[in-house]
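K.L.:
I am attaching a structure below and will ask some questions about it afterwards.
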Amino acid sequence: MSVDISDFDLAEAGAVLAAESARFASFGWMRGTSGNLSVVLARDPLRLAVTASGHDKGELTARDVVLVDGAGAAVAGGRPSAEAELHARVAALTGAGAVVHVHTVASVAVGHRSPEGIVFRDVEMLKGIGQPAHDVEVTLPVIANSQDMTVLGDRLEAAREPRMPAVVVAGHGLYVWGQSPRQARHHTEVVEWLLELELARR
Ligand SMILES: CSC[C@@H](O)[C@@H](O)C(=O)COP(=O)(O)O
Ligand SMILES: [Zn+2]
């Protein structure tokens, strides 16, 4: 099946990703050239706009975006994020419309201490990921890092929790998703808040 995504659609997606990226970078969650973002532009076949590789994510423009297929391979644009395949895998697996990857200190620190996953309960902020504040345990999975995105995708698929739109990649950072870039951003900020709380508690 063919899919028709115009340069205009891609530039619009690029503008959204650049704005989201600048926000995360301003929080110090995308230091150096770390982190990457994507938004789904078509489902059948899967097409995503992904941030280009190696850029300072606080300085992206609408043109620093690459159209990729369901395997994370470039369809149009320059060199996609080295983690584009994982973004496509998350979108296919979860039905998410947008994926965020950030390198936060809290995700690496807490992931190191809790390689079996991090359990949250009785925190009002859980409502920010659509869960009850009370009487429910919600686990944030931690998966081992790999430079092979297929291996990382297999680990994410095996570990993911339907109630938690995120996983920690040990020694690396945080992957979070949502229906839209806006919801993915809200989920990212909530999950990062929970991780910072966990860090403060220990
Ligand atoms: C300090 S950048 C580390 C990279 O290997 C990667 O983990 C990352 O988050 C950014 O990669 P990118 O290819 O720019 O999307
Ligand atoms: Zn990374």
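Residues in the structure tokens are named by chain (A, B, ... in the order shown) and by number from 1 within that chain; ligands are numbered from 1 in the order shown.
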Could I get the residues of chain A with an atom no further than 7 Å from an atom of ligand 2, each paired with its nearest atom pair and that distance in Å to one decimal, using only C-alpha atoms and all ligand atoms, sorted by chain and residue number, as CSV?

P.N.:
residue,atom,partner,partner_atom_place_in_ligand_line,distance
A:Ser34,CA,ligand 2,1 (Zn),5.6
A:Gly35,CA,ligand 2,1 (Zn),4.9
A:His101,CA,ligand 2,1 (Zn),6.5
A:Val102,CA,ligand 2,1 (Zn),6.6
A:His103,CA,ligand 2,1 (Zn),6.2
A:His172,CA,ligand 2,1 (Zn),6.1
A:Gly173,CA,ligand 2,1 (Zn),6.3

K.L.:
Name each residue within 6 Å of ligand 1, counting only C-alpha atoms and all ligand atoms, as a ChimeraX atom specification.

P.N.:
/A:32-36,53-55,81-83

K.L.:
If you measure from CA of Ala49 (chain A) to CA of Gly72 (chain A), what distance in Å do you get, rounded to one decimal?

P.N.:
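According to the coordinates, CA of Ala49 (chain A) and CA of Gly72 (chain A) are separated by 9.9 Å.
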
K.L.:
When you draw a straight line from CA of Ser114 (chain A) to CA of Val167 (chain A), how long is it in Å?

P.N.:
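Atom-to-atom, CA of Ser114 (chain A) and CA of Val167 (chain A) are spaced 12.5 Å apart.
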
K.L.:
At a cut-off of 7 Å, using only C-alpha atoms, what residues contact region 123-125 of chain A? Leave out same-chain residues fewer than 4 positions from it and give the result as a CSV table (one decimal) with N, CA, C and O atoms, in the first residue's frame.

P.N.:
chain,number,residue,atom,x,y,z
A,133,ALA,N,-4.7,7.2,41.7
A,133,ALA,CA,-3.7,7.7,42.7
A,133,ALA,C,-3.4,6.7,43.8
A,133,ALA,O,-2.4,6.7,44.4
A,134,HIS,N,-4.5,5.9,44.1
A,134,HIS,CA,-4.4,5.1,45.3
A,134,HIS,C,-4.7,3.6,45.0
A,134,HIS,O,-5.4,3.3,44.0
A,190,VAL,N,5.7,13.5,33.7
A,190,VAL,CA,5.1,12.8,34.9
A,190,VAL,C,6.1,11.6,35.3
A,190,VAL,O,6.4,11.5,36.4

K.L.:
List the neighbours of Arg155 (chain A) out to 9 Å using only C-alpha atoms; skip same-chain residues closer than 5 positions along the sequence, and give me the result as a PyMOL selection string.

P.N.:
chain A and resi 143-144+150+160

K.L.:
Give me, as a PyMOL selection string, all polymer residues having an atom no more than 12 Å from Pro132 (chain A), counting only C-alpha atoms and skipping those fewer than 3 positions away in the same chain.

P.N.:
chain A and resi 120-129+135-138+163

K.L.:
Enumerate, as a PyMOL selection string, the complete set of residues in chain A that a backbone-based DSSP assignment places in helix (DSSP H, G or I).

P.N.:
chain A and resi 7-26+84-94+105-113+124-129+149-159+181-201

K.L.:
Which one is closest to Ala91 (chain A): A:Gly28, A:Gly77, A:Gly153, A:Gly111? Count only C-alpha atoms.

P.N.:
A:Gly153

K.L.:
Write out as a PDB file with N, CA and C atoms, in the first residue's frame which residues come within 6 Å of Leu67 (chain A) when counting only C-alpha atoms, dropping same-chain ones fewer than 6 positions away.

P.N.:
ATOM      1  N   LEU A  48       7.032   7.481  10.158  1.00  0.00           N
ATOM      2  CA  LEU A  48       7.250   8.400  11.276  1.00  0.00           C
ATOM      3  C   LEU A  48       8.190   9.514  10.849  1.00  0.00           C
ATOM      4  N   ALA A  49       7.983  10.690  11.417  1.00  0.00           N
ATOM      5  CA  ALA A  49       8.972  11.757  11.345  1.00  0.00           C
ATOM      6  C   ALA A  49       9.837  11.614  12.596  1.00  0.00           C
ATOM      7  N   ALA A  74      15.410   5.442   6.484  1.00  0.00           N
ATOM      8  CA  ALA A  74      15.017   6.734   5.898  1.00  0.00           C
ATOM      9  C   ALA A  74      14.254   6.546   4.594  1.00  0.00           C
ATOM     10  N   VAL A  75      13.151   7.254   4.478  1.00  0.00           N
ATOM     11  CA  VAL A  75      12.361   7.292   3.245  1.00  0.00           C
ATOM     12  C   VAL A  75      12.612   8.634   2.557  1.00  0.00           C
ATOM     13  N   ALA A  76      12.782   9.680   3.360  1.00  0.00           N
ATOM     14  CA  ALA A  76      13.087  11.022   2.833  1.00  0.00           C
ATOM     15  C   ALA A  76      13.799  11.812   3.913  1.00  0.00           C
TER      16      ALA A  76
END

K.L.:
Excluding region 59-65 of chain A and residues on its chain fewer than 4 positions from it, collect all residues at most 9 Å away from it, counting only C-alpha atoms, and give them as a ChimeraX atom specification.

P.N.:
/A:10-19,21-22,25,38,49-53,55,77-81

K.L.:
Name the closest residue to Ala106 (chain A) among the candidates A:Thr94, A:Arg202, A:Val3, A:Arg185; distances are taken between atoms, counting only C-alpha atoms.

P.N.:
A:Arg202

K.L.:
If you measure from CA of Ala166 (chain A) to CA of Val119 (chain A), what distance in Å do you get, rounded to one decimal?

P.N.:
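Result for CA of Ala166 (chain A) versus CA of Val119 (chain A): 12.8 Å, one decimal.
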
K.L.:
I need the residues in region 60-195 of chain A that are strand (DSSP E or B) according to DSSP; give them as a PyMOL selection string.

P.N.:
chain A and resi 65-68+74-76+80+98-102+118-120+138-140+142-143+166-169+173-178
